[in-house]
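Asker: Dropping a structure here in structure tokens format, bear with me for questions.
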Amino acid sequence: MAVNITSIKTASNGIWQHDNPLNFAFPLLIIQTTLILLLSRVLSFILKPLRQPKVIAEIIGGILLGPSALGRNSAYMTRLFPPWSTPIMETVASVGLLFFLFLVGLELDIRSIRRTGRRAFSIAAAGISLPFAGGVGVAFVLRNKVPGADQAGYLPFLVFMGVALSITAFPVLARILAELNLLTTPLGETALSAAAFNDVAAWVLLALAVALSGAGQHTSPLASVWVLLSGLGFIAVQIWAVRPVMTWVARRAEEEGVESEAWICLTLAGVLVSGFATDFIGIHSIFGAFVFGLMVPKEGEFCGRLMERIEDFVSGLLLPLYFASSGLKTNVAAIKGAEAWGLLALVVGTSCVGKIVGTFVVAVACRMPAREAITLGVLMNTKGLVELIVLNIGKERKVLNDEIFAIMVLMALLTTFVTTPTVLALYKPARSTNLPNQRKLQRSAASSPSSVVDDSQELRILTCVHGPRDVPGLINLIETIRFATPKSRLKLYILHLVELTERSSSLTMARRARRNRLPFRNPLRRDSPRDQVAVAFEAYAQMGRLRVRPMTAVSAMLTMHEDVCAVADEKCVSLLVLPFHKRWLGGEVENLGHAWRAVNQRVLRNAPCSVAVLVDRGLGRAGSAREICVVFLGGPDDREALELAGRIAEHPGVGVTAVSFVSEGPNITLRPSEKKSSEESYTFSTAVMDREREKELDEAAVAAFRRRTDGAVKFEERETGAAGVLETVLGIGRSGRYQVVVVGKGRFPSVTVAELAGRAAEHPELGPVGDALTSSASGVVSSVLVIQQHDVVHSEETPVSMVLNGEAKVIDVKEEVSG
């Protein structure tokens with residue numbers, strides 16, 4: 001139905017003047033946008049455990065809002081999505097699409113594509129050719145079977161179908177690879193390079209399809225030839241004229257720093273002008289924006305600054321409108337009968353078989369292992385948003401009717417949806433298995449129970465950082481430890497943890513990885529922005545004459561622990577230091593959220609070395625730790641804490657106090673409990689403990705500690721029960737005398753710690769004593785360092801019930817820590 005756009009008013013006068021806002025363009029657009037954003041966010045949250053890209057949720061949201069579901073109610077459709085509002089919403093969405101394709105061009109580095117050589121090009125060529133031929137074959141079937149399909153021009157229809165089945169969505173594929181930690185593996189690099197070749201070829205083919213589809217509107221049969229020649233001229237102008245100009249603009253913008261607003265505005269205007277130029281030629285405007293994005297230099301900070309300025313508004317607000325509008329135009333009810341659903345199965349099967357088989361054959365010919373080759377084929381079958389762009393253009397040009405459009409949208413959804421689960425089932429990249437002789441500070445009891453590590457050995461420590469606020473406390477902790485070892489024998493690795501998000505800048509950071517099969521990059525490289533964390537530790541290394549290796553890990557929160565554990569394994573570290581998910585800033589507590597807490601929990605469960613969790617209550621503001629107290633209750637974790645304290649005691653400016661508790665309690669056995677949750681209860685090792693052997697090891701560790709620190713440490717022994725121990729330890733933390741209190745987690749609990757198993761847990765990952773010291777109601781003012789010793793054999797933990805004198809009693813004590 002034709003719409004007279006001049007009769008539509010922008011804004012209403014309000015309900016008090018009897019105007020219904022839903023009858024006016026702008027208020028209705030606000031309601032439509034809000035509905036789309038809310039529904040897509042809810043669906044994205046639901047699909048997040050399945051690791052699905054956000055575009056899937058946005059398309060499904062549009063389908064649910066459109067004629068396939070809610071749109072079956074005519075009153076709803078007439079009121080919220082009337083026909084006259086469609087051009088307005090699509091115009092706004094097209095602005096977002098224009099700038100999104102500019103972002104895609106920014107992400108795509110032509111030089112990195114050239115470096116991958118002929119293998120990626122060969123794989124891309126096969127991954128395009130076979131499904132394109134299959135698409136042409138399917139097009140013949142659809143024209144004969146789908147009513148109205150033969151109304152479109154023959155050649156444009158064949159080309160659109162071939163492009164739709166052969167395309168690989170480069171932006172979606174890059175995010176899937178990053179989510180699966182495959183971005184910098186050989187498989188990921190090959191997939192990304194092949195997808196980039198595929199992307200460039202697809203845009204060329206799309207330009208051809210658009211030119212052909214518009215030929216019918218002109219009297220001259222040579223119109224499409226002129227369109228293509230003009231397009232080639234546009235690309236030539238971009239390469240030979242625009243690219244040098246953008247290189248100069250980027251250099252000037254970086255020189256001016258924060259005063260570069262004018263250059264950013266000029267670049268954004270260039271996106272619009274390039275889009276207008278290709279639309280003027282007869283090619284879709286998004287082609288101009290994409291090519292212009294390729295011309296912007298990828299080195300330096302200007303590219304990242306551009307992304308930061310526009311990506312949130314474009315990807316978070318405008319782009320969902322575009323993909324939701326695709327769903328709104330998709331009427332699943334148009335696919336009627338078994339024959340239509342059979343055609344859908346034919347399209348999906350042809351797309352998958354053509355892409356996977358073509359890629360697999362060439363990849364195997366390039367001497368890629370069969371499992372990697374089939375996985376690469378599945379990855380290259382990713383469709384998503386680029387596919388939808390092609391389909392929407394085809395529908396706008398009247399090449400695809402409603403039924404074929406619905407079939408193709410569902411095909412894109414299905415092929416992208418199955419990519420991540422299929423890759424997870426097929427392929428798991430091999431991690432490094434470098435196993436050093438020492439993965440903890442204390443020497444293994446198998447060699448000598450009373451001996452400690454020779455200080456002449458190199459001590460390797462990995463410290464994780466969330467942000468600049470973690471740096472002062474961690475530097476002071478490392479400065480305290482490093483005096484125990486000659487300066488040249490301590491090697492410090494810094495891992496800045498950055499969450500991988502849907503933002504293009506996050507993905508670009510992840511792609512700037514070092515080629516070491518891990519998603520890490522060195523932020524001190526010449527072409528990388530120097531973040532505050534790297535600069536701070538670089539300055540510390542220079543002043544302290546210490547070897548420091550800063551790195552950045554860009555990962556999804558669900559898999560970030562894998563990266564932390566992998567680099568700890570790769571670098572053969574003995575101690576991994578994690579910042580706690582809460583920060584004490586003056587009198588306020590900053591909580592980074594459950595996601596960061598979950599990362600720490602997973603690292604504690606899977607770390608290949610000993611782990612220390614630092615609860616910083618002003619250690620960074622104190623200048624350095626001058627007084628430290630280590631609490632020893634017995635068990636492997638406490639022995640590791642004692643070993644660390646022995647090293648700290650060698651620092652000439654640090655006073656160390658060791659408090660050892662000796663308790664003779666009842667016979668206590670901890671048994672697994674299915675009624676308790678590890679999120680709310682303390683967990684302990686399920687290994688059977690030899691109490692006599694543990695006692696011998698504890699006594700040997702204390703004796704070795706006292707010999708090593710003779711005269712340098714104040715040592716106290718106290719005998720008390722569990723309640724008395726807890727109150728004494730809390731008193732130590734509340735006194736303010738000590739900057740840091742060091743405790744063991746207690747996974748292999750002593751009698752005293754076992755008695756505390758039933759306490760109400762606030763932070764169960766820290767163990768009973770560490771949790772008591774960290775509790776928000778404890779009144780403790782000291783920073784806390786909770787140590788977990790590495791144990792390969794007995795690493796499984798579970799909530800427990802307590803058995804006293806042979807009688808099972810599930811302890812459910814709701815003990816609160818008094819302030």
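Labels used: A, B, ... for chains in the order of the structure tokens, numbers from 1 for residues in each chain, and numbers from 1 for ligands as shown.
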I'd like the contact shell of range 463-471 of chain A - 8 Å cut-off, only C-alpha atoms, skipping same-chain residues fewer than 4 positions apart - returned as a ChimeraX atom specification.

Answerer: /A:475,492-498,532-533,536-537,576-579,620

Asker: Just all heavy atoms for this one: save the residues we selected as a compact mmCIF listing (two decimals), in the first residue's frame.

Answerer:
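As written to disk, selection00.txt reads:
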```
# COMPACT_ATOMS: atom_id res chain seq x y z
N ILE A 475 51.23 -4.14 43.25
CA ILE A 475 52.64 -3.78 43.20
C ILE A 475 53.27 -3.84 44.58
O ILE A 475 54.39 -4.36 44.76
CB ILE A 475 52.81 -2.37 42.58
CG1 ILE A 475 52.58 -2.44 41.07
CG2 ILE A 475 54.19 -1.80 42.90
CD1 ILE A 475 52.74 -1.10 40.37
N LEU A 492 58.09 -11.64 36.79
CA LEU A 492 56.70 -11.28 37.07
C LEU A 492 55.94 -11.14 35.76
O LEU A 492 56.35 -10.40 34.86
CB LEU A 492 56.65 -9.97 37.86
CG LEU A 492 55.27 -9.41 38.20
CD1 LEU A 492 54.50 -10.35 39.09
CD2 LEU A 492 55.40 -8.03 38.86
N TYR A 493 54.84 -11.85 35.65
CA TYR A 493 53.93 -11.74 34.51
C TYR A 493 52.67 -11.02 34.97
O TYR A 493 52.09 -11.36 36.01
CB TYR A 493 53.57 -13.12 33.95
CG TYR A 493 54.74 -13.89 33.41
CD1 TYR A 493 55.42 -14.80 34.22
CD2 TYR A 493 55.17 -13.72 32.11
CE1 TYR A 493 56.50 -15.52 33.73
CE2 TYR A 493 56.25 -14.43 31.61
CZ TYR A 493 56.91 -15.33 32.42
OH TYR A 493 57.99 -16.03 31.94
N ILE A 494 52.25 -10.03 34.20
CA ILE A 494 51.04 -9.27 34.51
C ILE A 494 50.01 -9.56 33.42
O ILE A 494 50.29 -9.39 32.22
CB ILE A 494 51.32 -7.75 34.56
CG1 ILE A 494 52.46 -7.46 35.53
CG2 ILE A 494 50.06 -6.99 34.95
CD1 ILE A 494 52.17 -7.87 36.95
N LEU A 495 48.84 -9.98 33.83
CA LEU A 495 47.78 -10.31 32.87
C LEU A 495 46.58 -9.41 33.13
O LEU A 495 45.87 -9.57 34.13
CB LEU A 495 47.38 -11.78 33.00
CG LEU A 495 46.50 -12.34 31.88
CD1 LEU A 495 47.19 -12.22 30.53
CD2 LEU A 495 46.16 -13.80 32.17
N HIS A 496 46.39 -8.43 32.25
CA HIS A 496 45.24 -7.52 32.35
C HIS A 496 44.02 -8.22 31.76
O HIS A 496 43.99 -8.54 30.57
CB HIS A 496 45.54 -6.22 31.61
CG HIS A 496 44.49 -5.18 31.76
ND1 HIS A 496 44.48 -4.00 31.05
CD2 HIS A 496 43.38 -5.13 32.54
CE1 HIS A 496 43.44 -3.28 31.39
NE2 HIS A 496 42.75 -3.95 32.29
N LEU A 497 43.01 -8.47 32.58
CA LEU A 497 41.82 -9.21 32.15
C LEU A 497 40.79 -8.23 31.61
O LEU A 497 40.33 -7.34 32.32
CB LEU A 497 41.24 -10.00 33.32
CG LEU A 497 42.19 -10.96 34.02
CD1 LEU A 497 41.48 -11.68 35.15
CD2 LEU A 497 42.78 -11.97 33.05
N VAL A 498 40.42 -8.41 30.35
CA VAL A 498 39.45 -7.53 29.69
C VAL A 498 38.31 -8.39 29.16
O VAL A 498 38.55 -9.40 28.49
CB VAL A 498 40.09 -6.75 28.53
CG1 VAL A 498 39.07 -5.86 27.83
CG2 VAL A 498 41.26 -5.91 29.04
N GLN A 532 46.76 2.13 30.92
CA GLN A 532 47.31 2.58 32.19
C GLN A 532 47.95 1.44 32.97
O GLN A 532 48.95 1.64 33.66
CB GLN A 532 46.19 3.21 33.03
CG GLN A 532 45.58 4.45 32.39
CD GLN A 532 44.47 5.04 33.23
OE1 GLN A 532 44.53 5.00 34.45
NE2 GLN A 532 43.47 5.57 32.58
N VAL A 533 47.38 0.25 32.90
CA VAL A 533 47.93 -0.89 33.64
C VAL A 533 49.33 -1.21 33.14
O VAL A 533 50.27 -1.39 33.92
CB VAL A 533 47.01 -2.12 33.49
CG1 VAL A 533 47.68 -3.36 34.06
CG2 VAL A 533 45.68 -1.86 34.19
N ALA A 536 51.85 1.50 34.18
CA ALA A 536 52.19 1.46 35.60
C ALA A 536 53.21 0.36 35.91
O ALA A 536 54.19 0.56 36.63
CB ALA A 536 50.93 1.24 36.43
N PHE A 537 52.99 -0.83 35.35
CA PHE A 537 53.92 -1.92 35.62
C PHE A 537 55.24 -1.74 34.88
O PHE A 537 56.28 -2.21 35.35
CB PHE A 537 53.27 -3.26 35.28
CG PHE A 537 52.37 -3.77 36.36
CD1 PHE A 537 51.00 -3.66 36.25
CD2 PHE A 537 52.90 -4.35 37.50
CE1 PHE A 537 50.17 -4.12 37.25
CE2 PHE A 537 52.08 -4.82 38.50
CZ PHE A 537 50.71 -4.71 38.39
N LEU A 576 49.97 -17.80 41.37
CA LEU A 576 49.04 -16.99 40.60
C LEU A 576 48.28 -16.11 41.58
O LEU A 576 47.62 -16.60 42.50
CB LEU A 576 48.08 -17.90 39.83
CG LEU A 576 46.83 -17.29 39.18
CD1 LEU A 576 47.22 -16.22 38.18
CD2 LEU A 576 46.01 -18.37 38.50
N VAL A 577 48.36 -14.78 41.40
CA VAL A 577 47.71 -13.83 42.31
C VAL A 577 46.48 -13.25 41.62
O VAL A 577 46.57 -12.70 40.52
CB VAL A 577 48.68 -12.70 42.71
CG1 VAL A 577 47.99 -11.74 43.69
CG2 VAL A 577 49.95 -13.27 43.33
N LEU A 578 45.33 -13.38 42.29
CA LEU A 578 44.07 -12.87 41.76
C LEU A 578 43.56 -11.72 42.63
O LEU A 578 43.58 -11.82 43.87
CB LEU A 578 43.00 -13.96 41.75
CG LEU A 578 43.21 -15.19 40.87
CD1 LEU A 578 42.14 -16.22 41.16
CD2 LEU A 578 43.20 -14.81 39.40
N PRO A 579 43.08 -10.65 42.04
CA PRO A 579 42.41 -9.61 42.85
C PRO A 579 40.99 -10.06 43.19
O PRO A 579 40.31 -10.68 42.37
CB PRO A 579 42.40 -8.39 41.93
CG PRO A 579 42.45 -8.96 40.55
CD PRO A 579 43.19 -10.28 40.63
N GLY A 620 47.36 -0.58 48.73
CA GLY A 620 47.99 0.34 47.80
C GLY A 620 48.21 1.71 48.40
O GLY A 620 49.19 2.39 48.10
```

Asker: What are the DSSP helix (DSSP H, G or I) residues of range 60-197 of chain A, as an MDAnalysis selection string?

Answerer: chainID A and resid 60:65 70:72 74:80 83:107 110:115 117:145 149:151 154:166 170:179 186:197

Asker: Name the residues in contact with range 731-740 of chain A at a cut-off of 6 Å, using only C-alpha atoms, excluding same-chain residues fewer than 6 positions from it; report them as a short mmCIF file (atom, residue, chain, number, x, y, z; two decimals) with all heavy atoms, in the first residue's frame.

Answerer:
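Final file, out-v4.cif:
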```cif
data_model
loop_
_atom_site.label_atom_id
_atom_site.label_comp_id
_atom_site.auth_asym_id
_atom_site.auth_seq_id
_atom_site.Cartn_x
_atom_site.Cartn_y
_atom_site.Cartn_z
N ALA A 625 53.61 -2.89 52.49
CA ALA A 625 53.20 -3.67 53.66
C ALA A 625 54.36 -3.72 54.66
O ALA A 625 55.40 -4.29 54.38
CB ALA A 625 52.82 -5.07 53.22
N GLU A 627 53.87 -4.52 58.17
CA GLU A 627 53.62 -5.55 59.17
C GLU A 627 52.66 -6.58 58.57
O GLU A 627 51.60 -6.22 58.06
CB GLU A 627 53.01 -4.95 60.44
CG GLU A 627 53.97 -4.09 61.25
CD GLU A 627 55.06 -4.92 61.92
OE1 GLU A 627 54.85 -6.13 62.15
OE2 GLU A 627 56.14 -4.35 62.21
N ILE A 628 53.06 -7.85 58.66
CA ILE A 628 52.25 -8.93 58.10
C ILE A 628 52.09 -10.01 59.15
O ILE A 628 53.04 -10.33 59.88
CB ILE A 628 52.92 -9.52 56.83
CG1 ILE A 628 52.81 -8.52 55.69
CG2 ILE A 628 52.28 -10.83 56.42
CD1 ILE A 628 53.48 -8.97 54.42
N GLY A 779 34.34 -6.16 60.45
CA GLY A 779 35.05 -5.05 61.06
C GLY A 779 36.55 -5.10 60.85
O GLY A 779 37.30 -4.31 61.43
N VAL A 780 37.03 -6.00 60.00
CA VAL A 780 38.45 -6.14 59.73
C VAL A 780 38.92 -4.97 58.86
O VAL A 780 38.25 -4.59 57.91
CB VAL A 780 38.75 -7.48 59.04
CG1 VAL A 780 40.19 -7.56 58.56
CG2 VAL A 780 38.44 -8.63 59.98
N VAL A 781 40.09 -4.41 59.19
CA VAL A 781 40.64 -3.28 58.43
C VAL A 781 41.89 -3.69 57.65
O VAL A 781 42.34 -2.94 56.79
CB VAL A 781 40.96 -2.10 59.35
CG1 VAL A 781 39.69 -1.56 59.99
CG2 VAL A 781 41.96 -2.50 60.43
N SER A 782 42.45 -4.84 57.94
CA SER A 782 43.65 -5.30 57.24
C SER A 782 43.28 -5.90 55.89
O SER A 782 42.19 -6.46 55.72
CB SER A 782 44.39 -6.35 58.07
OG SER A 782 44.78 -5.85 59.32
N SER A 783 44.21 -5.82 54.94
CA SER A 783 44.05 -6.58 53.70
C SER A 783 44.26 -8.06 54.01
O SER A 783 44.92 -8.41 54.99
CB SER A 783 45.06 -6.11 52.65
OG SER A 783 44.83 -4.75 52.31
N VAL A 784 43.70 -8.92 53.18
CA VAL A 784 43.75 -10.36 53.43
C VAL A 784 44.30 -11.05 52.18
O VAL A 784 43.91 -10.71 51.05
CB VAL A 784 42.35 -10.92 53.76
CG1 VAL A 784 42.42 -12.41 54.05
CG2 VAL A 784 41.75 -10.17 54.95
#
```

Asker: Would you write out, as JSON lines, a table of all residues in range 129-248 of chain A that have an atom no more than 9 Å from an atom of range 410-423 of chain A, listing for each the closest atom pair and the distance in Å to one decimal, considering only C-alpha atoms and ordering rows by chain and rising residue number?

Answerer:
```
{"residue": "A:Ala164", "atom": "CA", "partner": "A:Ala412", "partner_atom": "CA", "distance": 8.9}
{"residue": "A:Leu165", "atom": "CA", "partner": "A:Ala412", "partner_atom": "CA", "distance": 8.9}
{"residue": "A:Val172", "atom": "CA", "partner": "A:Thr416", "partner_atom": "CA", "distance": 8.7}
{"residue": "A:Ile176", "atom": "CA", "partner": "A:Thr420", "partner_atom": "CA", "distance": 7.0}
{"residue": "A:Leu177", "atom": "CA", "partner": "A:Thr420", "partner_atom": "CA", "distance": 8.9}
{"residue": "A:Leu180", "atom": "CA", "partner": "A:Thr420", "partner_atom": "CA", "distance": 8.0}
```

Asker: List the spatial neighbours of Gly316 in chain A as an MDAnalysis selection string - criterion: any atom at most 12 Å away, only C-alpha atoms, same-chain residues fewer than 4 positions off excluded.

Answerer: chainID A and resid 33:34 36:38 40:41 54:55 58 93 96:97 100 310:312 320:323 501:504

Asker: Which value, in Å to one decimal, gives the distance between CA of Asp637 in chain A and CA of Pro608 in chain A?

Answerer: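 CA of Asp637 in chain A sits 14.8 Å away from CA of Pro608 in chain A.
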
Asker: Just how far from CA of Arg305 in chain A is CA of Ile389 in chain A, in Å to one decimal?

Answerer: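 The value is 26.2 Å.
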
Asker: What separation in Å, quoted to one decimal, exists between CA of Ile335 in chain A and CA of Ala169 in chain A?

Answerer: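 So the answer is 25.1 Å.
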
Asker: Compare A:Asp199, A:Leu318, A:Ala703, A:Ala149 by their minimum atom-to-atom distance to Phe121 in chain A, counting only C-alpha atoms, and give me the closest one.

Answerer: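 For Phe121 in chain A, the nearest of the given residues is A:Asp199.
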
Asker: Could you list, as a PyMOL selection string, every residue within 6 Å of range 350-360 of chain A, counting only C-alpha atoms and ignoring same-chain residues fewer than 6 positions away?

Answerer: chain A and resi 123+126-127+130-131+165+373-374+377-378+381

Asker: Show which residues sit within 12 Å of Glu765 in chain A, as a PyMOL selection string. Count only C-alpha atoms, and ignore same-chain residues fewer than 2 positions away.

Answerer: chain A and resi 580-581+597-605+611-613+677-684+744-747+761-763+767-772+774+786-788+797-799

Asker: Out of A:Ala425, A:Val729, A:Asn198, A:Val92, which residue has the shortest atom-to-atom distance to Ala120 in chain A when counting only C-alpha atoms?

Answerer: A:Asn198
